[in-house]
Amino acid sequence: QVQLVESGGGLVQPGGSLRLSCAASGSIFSGNIMGWYRQAPGKQRELVAVITSGGYTNYADSVKGRFSISRDNAKNTVYLQMNTLKPEDTALYYCNVELIPSGSNYWGKGTLVTVSS
């Protein structure tokens, strides 16, 4: 079993920055993909960014150049640095981990990011 705890959400003005963190505990193995997804009101959950244990990253087109994902394997923690935030970035942000090769998937409870003046 894997537990994920997100932190770092909050209210920020357009153009501002936030840094999200997600700490994983439990049966985390060396091979895994950690990532961030978000769900805005009335919309489906969507990929924001993912990073493999080897450091390969992938971003949604809407956040490329503004967001940066990183991880600390020793701490089983993944981060999302969000810069130049826009009102359309407002959403509940979820941490996710996919274990390799089992494909088991785990989700955090989410942290709310609100971008508003």
# chains A, B, ... in the order shown; residues from 1 in each chain; ligands from 1

call {"tool": "closest_atom_pairs", "arguments": {"of": "stretch 8-77 of chain A", "to": "stretch 95-106 of chain A", "cutoff": "6 Å", "atoms": "only C-alpha atoms", "output": "CSV"}}
result
residue,atom,partner,partner_atom,distance
A:Gly31,CA,A:Ile100,CA,5.1
A:Asn32,CA,A:Leu99,CA,4.5
A:Ile33,CA,A:Glu98,CA,5.1
A:Met34,CA,A:Val97,CA,4.4
A:Gly35,CA,A:Asn96,CA,5.2
A:Trp36,CA,A:Cys95,CA,4.7

call {"tool": "residues_around", "arguments": {"residues": "A:Val48", "least_positions_apart": "6", "cutoff": "9 Å", "atoms": "only C-alpha atoms", "output": "PyMOL selection string"}}
result
chain A and resi 35-38+58-63+67+93

call {"tool": "select_by_dssp", "arguments": {"residues": "chain A", "states": "strand (DSSP E or B)", "output": "ChimeraX atom specification"}}
result
/A:2-7,10-12,18-26,32-39,46-52,57-59,67-72,77-82,91-99,105-107,111-115

call {"tool": "atom_distance", "arguments": {"atom1": "atom CA of A:Val78", "atom2": "atom CA of A:Thr90"}}
result
19.9 Å

call {"tool": "residues_around", "arguments": {"residues": "A:Leu4", "least_positions_apart": "4", "cutoff": "8 Å", "atoms": "only C-alpha atoms", "output": "count of residues only"}}
result
10
